[in-house]
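Asks: Dropping a structure here in structure tokens format, bear with me for questions.
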Amino acid sequence: MKILVAEPMSPAAVGKLQAQPGWEVVVSNPKEYAAHLGDCDALFVRSAVKVNKDVLARAAKLRVIGRAGVGVDNVDLAAASAAGVVVMNTPGGNAVSVAEHTLALMLGMARSVPQASSSTASGKWEKKKFLGNELRGKTLGVVGLGSIGREVVRRARAFEMRILGSDPYVSSQSAADMNVELVPLDALLASSDYISMHVALTPETRKMLNKDAFAKMKNGVRIVNCARGELVDEAALHEAMTSGKVAGAGLDVFDPEPPAADNPLLKSGTLLATPHIGGSTEEAQEIVGIRIVEQVIDYLQNGVAINAVNMPALSPEQYKTLGPYVELAERLGNFVAYAATGHPKTVRITYSGRIAELNTALLRNAGVAGVVNRSTSRRANLVNSMGLAAERGWNVVESHDQRTGHMDSIRLELETDKGNTFVEGAVVLGRPRLLTIDGIYCEAMLSGHLIYMMNEDVPGVIGHVGNVLGRNKVNIANFVLGREESGESGKPLKAIALVETDEAVSDALLAQLMENPAVKSARVVEFR
């Protein structure tokens, strides 16, 4: 296992990686990391490295990207998903640091701290010039009440500020619990003395503080942005600051970064600017570094993806419950893809028992991945399986059978242009197990090298199979039989056989099995 650290991380975080047996850890930098991409399994970045299509194309073995921080703007999520690479971040790890920096910018503007410091250092003593304002009694508008926004609220309350919040994803009760008055964005803009931005960058939030937004604000408002530079229309902000509409701005982020030297905002005497250091504290870097390393270790060793931004999110407890069923779903999908005939059109997955009450998105992705892997050289996984299915024009349908008393099981049906094939399985003693094929009971392990046969239930078939395998010196590890309970009058019942062998068998051997007229089909099933 090769792990590539492309940007500085805390020694404690790197030490955790180096402590993993058999792992090769390469500690590089943004200028030289690309030379190590070819055979790395995991890539750790912060904000300087841009993980785009070209980077991903050079990292053929890459399985996971760990972003030591919150924002993932520097990672092409669509390209990562298409490549089957999990992208994880560490939301909340630097929340306190960013919140404290937000308050620092507010205080710096309220008391003209940078200007007063520069004046005093130059030998002046301008007490009257730097008359400031208290935060007490002022109205703070917090746009976005996520982990950082909530930390800002906690600290602003200590300054006895009135706090307004705008966030379409937060309930009024949740806001009330924080002692925040939840209002529409326009109302927040019109009433706030300070406006602090704490939302993710999306098409809806890009340049949300624009000329129209500034027009709605009260005169003398102050703006703080420690989130993303793209949230603010810098030209409109400069115009509002020049006119006096905006009394000051504290910006830790810009668009682009670093800002151009001739950016007129930088020439404004009422701008307090810092170089994207909101989360840059010793404590925050230690926290996010250790968290992301722990998450990636858990994923590489146990398949548990915490804080993944490009696949369904589950808690550690949910992963513990669903983990064995993820493997079951994928193996059922793999099996039915070998068993079915024709071009796939629809994958139908039915969950029964307690698992039907849970978030089954990962089970769906796993089942689809199993089907896709039969027909592609690209490795389908929990991240890219739905995209690969969509490329092929497949429909994916889920249903949940929550009736009490039912066994926890998964049924996976593959509809093709030749008909339908379905299998059902369960987790037995922690391992995936096949229960039925097309309604015929046939319990077997979903592992190893399997021969799947359909035949007429007549004498001599089992002996024929044994003779063919013995003649070819192929050892039988397990032999499971099943047959339909009833059939057409006067005709043999349909039977199936699953033969596990110690090694993969050839097409020539399958042809020999088909020489018996009772054998209708014989196929190999290999689990990837």
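All residue names refer to the structure tokens as shown: chains lettered A, B, ... in order, residues numbered from 1 in each chain, ligands numbered from 1 in order.
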Fewer than 2 positions away in the same chain doesn't count, so skip those; otherwise give me all residues within 9 Å of Asn384 of chain A, counting only C-alpha atoms, as an mmCIF file with C-alpha atoms, in the first residue's frame.

Replies:
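Ended up saving to out.cif:
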data_model
loop_
_atom_site.group_PDB
_atom_site.id
_atom_site.type_symbol
_atom_site.label_atom_id
_atom_site.label_comp_id
_atom_site.auth_asym_id
_atom_site.auth_seq_id
_atom_site.Cartn_x
_atom_site.Cartn_y
_atom_site.Cartn_z
ATOM 1 C CA ALA A 80 -13.030 11.339 -9.008
ATOM 2 C CA SER A 81 -16.415 9.630 -8.931
ATOM 3 C CA ALA A 82 -16.075 8.460 -12.522
ATOM 4 C CA ALA A 83 -12.696 6.985 -11.612
ATOM 5 C CA GLY A 84 -14.191 5.232 -8.591
ATOM 6 C CA VAL A 85 -12.118 7.269 -6.142
ATOM 7 C CA MET A 311 -20.863 8.619 -2.044
ATOM 8 C CA ASN A 365 -24.515 0.937 -5.176
ATOM 9 C CA ALA A 369 -21.328 -2.556 -8.911
ATOM 10 C CA ARG A 379 -13.426 -1.404 -11.573
ATOM 11 C CA ALA A 380 -16.945 -0.531 -10.475
ATOM 12 C CA ASN A 381 -17.366 0.273 -6.802
ATOM 13 C CA LEU A 382 -19.611 2.103 -4.358
ATOM 14 C CA MET A 386 -24.510 4.242 -10.497
ATOM 15 C CA GLY A 387 -22.729 6.435 -13.028
ATOM 16 C CA LEU A 388 -21.540 3.391 -14.974
ATOM 17 C CA ALA A 389 -25.066 1.950 -14.934
#

Asks: Kindly assemble as a tab-separated table a list of the segment 410-491 of chain A residues that lie within 12 Å of segment 507-519 of chain A, each paired with its nearest atom pair and their distance in Å to one decimal, using only C-alpha atoms, sorted first by chain and then by ascending residue number.

Replies:
residue	atom	partner	partner_atom	distance
A:Leu450	CA	A:Leu510	CA	11.6
A:Ile451	CA	A:Leu510	CA	8.5
A:Tyr452	CA	A:Leu510	CA	10.1
A:Met453	CA	A:Val519	CA	7.2
A:Met454	CA	A:Val519	CA	6.2
A:Asn455	CA	A:Val519	CA	4.3
A:Glu456	CA	A:Ala518	CA	5.1
A:Asp457	CA	A:Ala518	CA	7.8
A:Val458	CA	A:Ala518	CA	7.3
A:Pro459	CA	A:Ala518	CA	9.2
A:Gly460	CA	A:Ala518	CA	8.9
A:Val461	CA	A:Ala518	CA	7.1
A:Ile462	CA	A:Val519	CA	10.3
A:Gly463	CA	A:Asn516	CA	10.7
A:His464	CA	A:Leu513	CA	7.4
A:Val465	CA	A:Leu513	CA	6.5
A:Gly466	CA	A:Leu513	CA	9.7
A:Asn467	CA	A:Leu513	CA	9.4
A:Val468	CA	A:Leu513	CA	6.6
A:Leu469	CA	A:Leu509	CA	7.7
A:Gly470	CA	A:Leu509	CA	10.8
A:Arg471	CA	A:Leu509	CA	9.7
A:Asn472	CA	A:Leu509	CA	7.5
A:Lys473	CA	A:Leu509	CA	10.7
A:Val474	CA	A:Leu509	CA	9.7
A:Lys491	CA	A:Ala518	CA	12.0

Asks: Excluding same-chain residues fewer than 4 positions from His276 of chain A, what lies within 12 Å of it counting only C-alpha atoms, as number ranges by chain?

Replies: A: 47-48, 97-98, 101-102, 225-229, 250-259, 280-281

Asks: Keeping only N, CA and C atoms, write those residues as a compact mmCIF listing (two decimals), in the first residue's frame.

Replies:
# COMPACT_ATOMS: atom_id res chain seq x y z
N SER A 47 -5.31 22.46 0.37
CA SER A 47 -5.99 23.33 -0.59
C SER A 47 -5.12 23.74 -1.77
N ALA A 48 -3.81 23.53 -1.68
CA ALA A 48 -2.92 23.99 -2.75
C ALA A 48 -2.95 23.06 -3.96
N SER A 97 -11.41 27.29 14.94
CA SER A 97 -10.38 28.20 14.44
C SER A 97 -10.96 29.23 13.48
N VAL A 98 -11.80 28.78 12.55
CA VAL A 98 -12.41 29.71 11.59
C VAL A 98 -13.36 30.67 12.31
N HIS A 101 -11.37 33.30 14.05
CA HIS A 101 -10.83 34.26 13.08
C HIS A 101 -11.92 35.21 12.60
N THR A 102 -13.14 34.70 12.44
CA THR A 102 -14.27 35.55 12.07
C THR A 102 -14.47 36.66 13.09
N ASN A 225 -15.97 37.44 5.37
CA ASN A 225 -16.02 36.21 4.57
C ASN A 225 -14.80 35.36 4.86
N CYS A 226 -15.03 34.29 5.61
CA CYS A 226 -13.98 33.30 5.88
C CYS A 226 -14.35 31.96 5.27
N ALA A 227 -15.24 31.96 4.28
CA ALA A 227 -15.74 30.71 3.69
C ALA A 227 -15.10 30.47 2.32
N ARG A 228 -15.65 31.10 1.27
CA ARG A 228 -15.14 30.95 -0.09
C ARG A 228 -15.17 32.30 -0.78
N GLY A 229 -14.10 32.60 -1.48
CA GLY A 229 -14.02 33.89 -2.15
C GLY A 229 -15.09 34.08 -3.18
N GLY A 250 -13.90 42.33 6.09
CA GLY A 250 -12.83 41.46 6.55
C GLY A 250 -12.85 40.20 5.71
N LEU A 251 -11.86 40.04 4.85
CA LEU A 251 -11.84 38.92 3.90
C LEU A 251 -10.64 38.03 4.17
N ASP A 252 -10.91 36.77 4.38
CA ASP A 252 -9.85 35.77 4.50
C ASP A 252 -9.71 34.97 3.23
N VAL A 253 -10.67 35.14 2.31
CA VAL A 253 -10.70 34.37 1.07
C VAL A 253 -10.98 35.31 -0.10
N PHE A 254 -10.47 34.93 -1.27
CA PHE A 254 -10.60 35.77 -2.46
C PHE A 254 -10.89 34.88 -3.67
N ASP A 255 -11.24 35.53 -4.77
CA ASP A 255 -11.49 34.84 -6.03
C ASP A 255 -10.81 35.61 -7.15
N PRO A 256 -9.66 35.13 -7.67
CA PRO A 256 -8.96 33.90 -7.30
C PRO A 256 -8.03 34.13 -6.11
N GLU A 257 -7.34 33.06 -5.72
CA GLU A 257 -6.35 33.17 -4.67
C GLU A 257 -4.99 32.75 -5.21
N PRO A 258 -3.95 33.52 -4.88
CA PRO A 258 -4.01 34.82 -4.19
C PRO A 258 -4.60 35.88 -5.11
N PRO A 259 -5.13 36.98 -4.55
CA PRO A 259 -5.69 38.03 -5.40
C PRO A 259 -4.59 38.73 -6.19
N SER A 280 -6.02 28.00 9.87
CA SER A 280 -4.59 27.73 10.06
C SER A 280 -4.14 28.02 11.49
N THR A 281 -4.52 27.14 12.37
CA THR A 281 -4.00 27.18 13.74
C THR A 281 -3.35 25.83 14.02

Asks: Taking 6 positions as the minimum chain separation for residues in the same chain, which residues sit within 10 Å of Ile297 of chain A when counting only C-alpha atoms? Answer as a list in words.

Replies: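 In the requested format, the answer is Lys16, Leu17, Gln20, Ala42, Arg291, Gly303, Val304 and Ala305 of chain A.
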
Asks: Among segment 83-306 of chain A, which residues carry a DSSP assignment of strand (DSSP E or B), reported as an NGL selection string?

Replies: :A and (86-88 or 139-143 or 162-166 or 181-182 or 194-197 or 209 or 221-225 or 232 or 246-251 or 271-273)

Asks: Please, could you write that set of residues out with N, CA and C atoms as a tab-separated table (two decimals), in the first residue's frame?

Replies:
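Printed below is again-v2.tsv as written:
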chain	number	residue	atom	x	y	z
A	86	VAL	N	-12.90	7.50	-3.87
A	86	VAL	CA	-13.63	8.12	-2.78
A	86	VAL	C	-12.93	9.40	-2.36
A	87	VAL	N	-13.70	10.46	-2.14
A	87	VAL	CA	-13.15	11.73	-1.66
A	87	VAL	C	-13.73	11.99	-0.27
A	88	MET	N	-12.85	12.17	0.71
A	88	MET	CA	-13.27	12.44	2.08
A	88	MET	C	-12.76	13.80	2.53
A	139	THR	N	-26.30	43.90	15.45
A	139	THR	CA	-26.96	42.73	14.86
A	139	THR	C	-25.99	42.03	13.92
A	140	LEU	N	-25.76	40.75	14.20
A	140	LEU	CA	-24.90	39.92	13.36
A	140	LEU	C	-25.77	38.99	12.53
A	141	GLY	N	-25.60	39.04	11.22
A	141	GLY	CA	-26.30	38.12	10.33
A	141	GLY	C	-25.36	37.00	9.91
A	142	VAL	N	-25.69	35.78	10.28
A	142	VAL	CA	-24.86	34.62	9.96
A	142	VAL	C	-25.53	33.86	8.81
A	143	VAL	N	-24.88	33.85	7.67
A	143	VAL	CA	-25.42	33.16	6.49
A	143	VAL	C	-24.80	31.77	6.45
A	162	ARG	N	-27.17	40.70	18.90
A	162	ARG	CA	-28.40	40.09	18.40
A	162	ARG	C	-28.01	39.31	17.15
A	163	ILE	N	-28.48	38.06	17.04
A	163	ILE	CA	-28.01	37.19	15.97
A	163	ILE	C	-29.17	36.75	15.09
A	164	LEU	N	-29.03	37.04	13.80
A	164	LEU	CA	-29.96	36.55	12.80
A	164	LEU	C	-29.27	35.44	12.01
A	165	GLY	N	-30.04	34.47	11.57
A	165	GLY	CA	-29.47	33.39	10.78
A	165	GLY	C	-30.31	33.13	9.54
A	166	SER	N	-29.63	32.74	8.46
A	166	SER	CA	-30.33	32.36	7.23
A	166	SER	C	-29.71	31.07	6.73
A	181	GLU	N	-32.40	33.99	15.55
A	181	GLU	CA	-33.66	34.28	14.88
A	181	GLU	C	-33.50	33.91	13.40
A	182	LEU	N	-34.21	32.87	12.96
A	182	LEU	CA	-34.10	32.40	11.59
A	182	LEU	C	-34.96	33.26	10.68
A	194	TYR	N	-23.38	43.50	10.90
A	194	TYR	CA	-22.28	42.65	10.43
A	194	TYR	C	-22.91	41.46	9.72
A	195	ILE	N	-22.34	41.07	8.59
A	195	ILE	CA	-22.81	39.89	7.85
A	195	ILE	C	-21.61	38.97	7.67
A	196	SER	N	-21.76	37.73	8.15
A	196	SER	CA	-20.66	36.77	8.08
A	196	SER	C	-21.10	35.56	7.25
A	197	MET	N	-20.26	35.17	6.29
A	197	MET	CA	-20.60	34.12	5.33
A	197	MET	C	-20.04	32.77	5.77
A	209	LEU	N	-23.41	37.55	-2.63
A	209	LEU	CA	-23.28	38.95	-2.22
A	209	LEU	C	-22.87	39.74	-3.47
A	221	VAL	N	-22.87	48.82	6.89
A	221	VAL	CA	-22.73	47.40	7.19
A	221	VAL	C	-21.27	46.97	7.01
A	222	ARG	N	-20.88	45.94	7.75
A	222	ARG	CA	-19.54	45.37	7.60
A	222	ARG	C	-19.67	43.90	7.19
A	223	ILE	N	-18.82	43.47	6.26
A	223	ILE	CA	-18.89	42.14	5.67
A	223	ILE	C	-17.69	41.31	6.13
A	224	VAL	N	-17.94	40.06	6.52
A	224	VAL	CA	-16.87	39.13	6.86
A	224	VAL	C	-17.04	37.87	6.01
A	225	ASN	N	-15.97	37.44	5.37
A	225	ASN	CA	-16.02	36.21	4.57
A	225	ASN	C	-14.80	35.36	4.86
A	232	VAL	N	-18.61	36.16	-2.95
A	232	VAL	CA	-18.72	37.61	-3.01
A	232	VAL	C	-18.31	38.11	-4.39
A	246	VAL	N	-20.88	50.04	2.36
A	246	VAL	CA	-20.20	49.07	3.22
A	246	VAL	C	-19.06	49.79	3.92
A	247	ALA	N	-19.13	49.80	5.27
A	247	ALA	CA	-18.13	50.54	6.05
A	247	ALA	C	-16.81	49.80	6.15
A	248	GLY	N	-16.85	48.51	5.96
A	248	GLY	CA	-15.61	47.75	6.05
A	248	GLY	C	-15.85	46.31	5.68
A	249	ALA	N	-14.77	45.63	5.32
A	249	ALA	CA	-14.87	44.22	4.97
A	249	ALA	C	-13.66	43.49	5.52
A	250	GLY	N	-13.90	42.33	6.09
A	250	GLY	CA	-12.83	41.46	6.55
A	250	GLY	C	-12.85	40.20	5.71
A	251	LEU	N	-11.86	40.04	4.85
A	251	LEU	CA	-11.84	38.92	3.90
A	251	LEU	C	-10.64	38.03	4.17
A	271	LEU	N	-10.48	47.79	4.13
A	271	LEU	CA	-10.41	46.34	3.97
A	271	LEU	C	-9.42	45.76	4.95
A	272	LEU	N	-9.86	44.73	5.64
A	272	LEU	CA	-8.97	43.94	6.50
A	272	LEU	C	-8.82	42.58	5.81
A	273	ALA	N	-7.63	42.30	5.29
A	273	ALA	CA	-7.42	41.11	4.46
A	273	ALA	C	-6.39	40.18	5.10
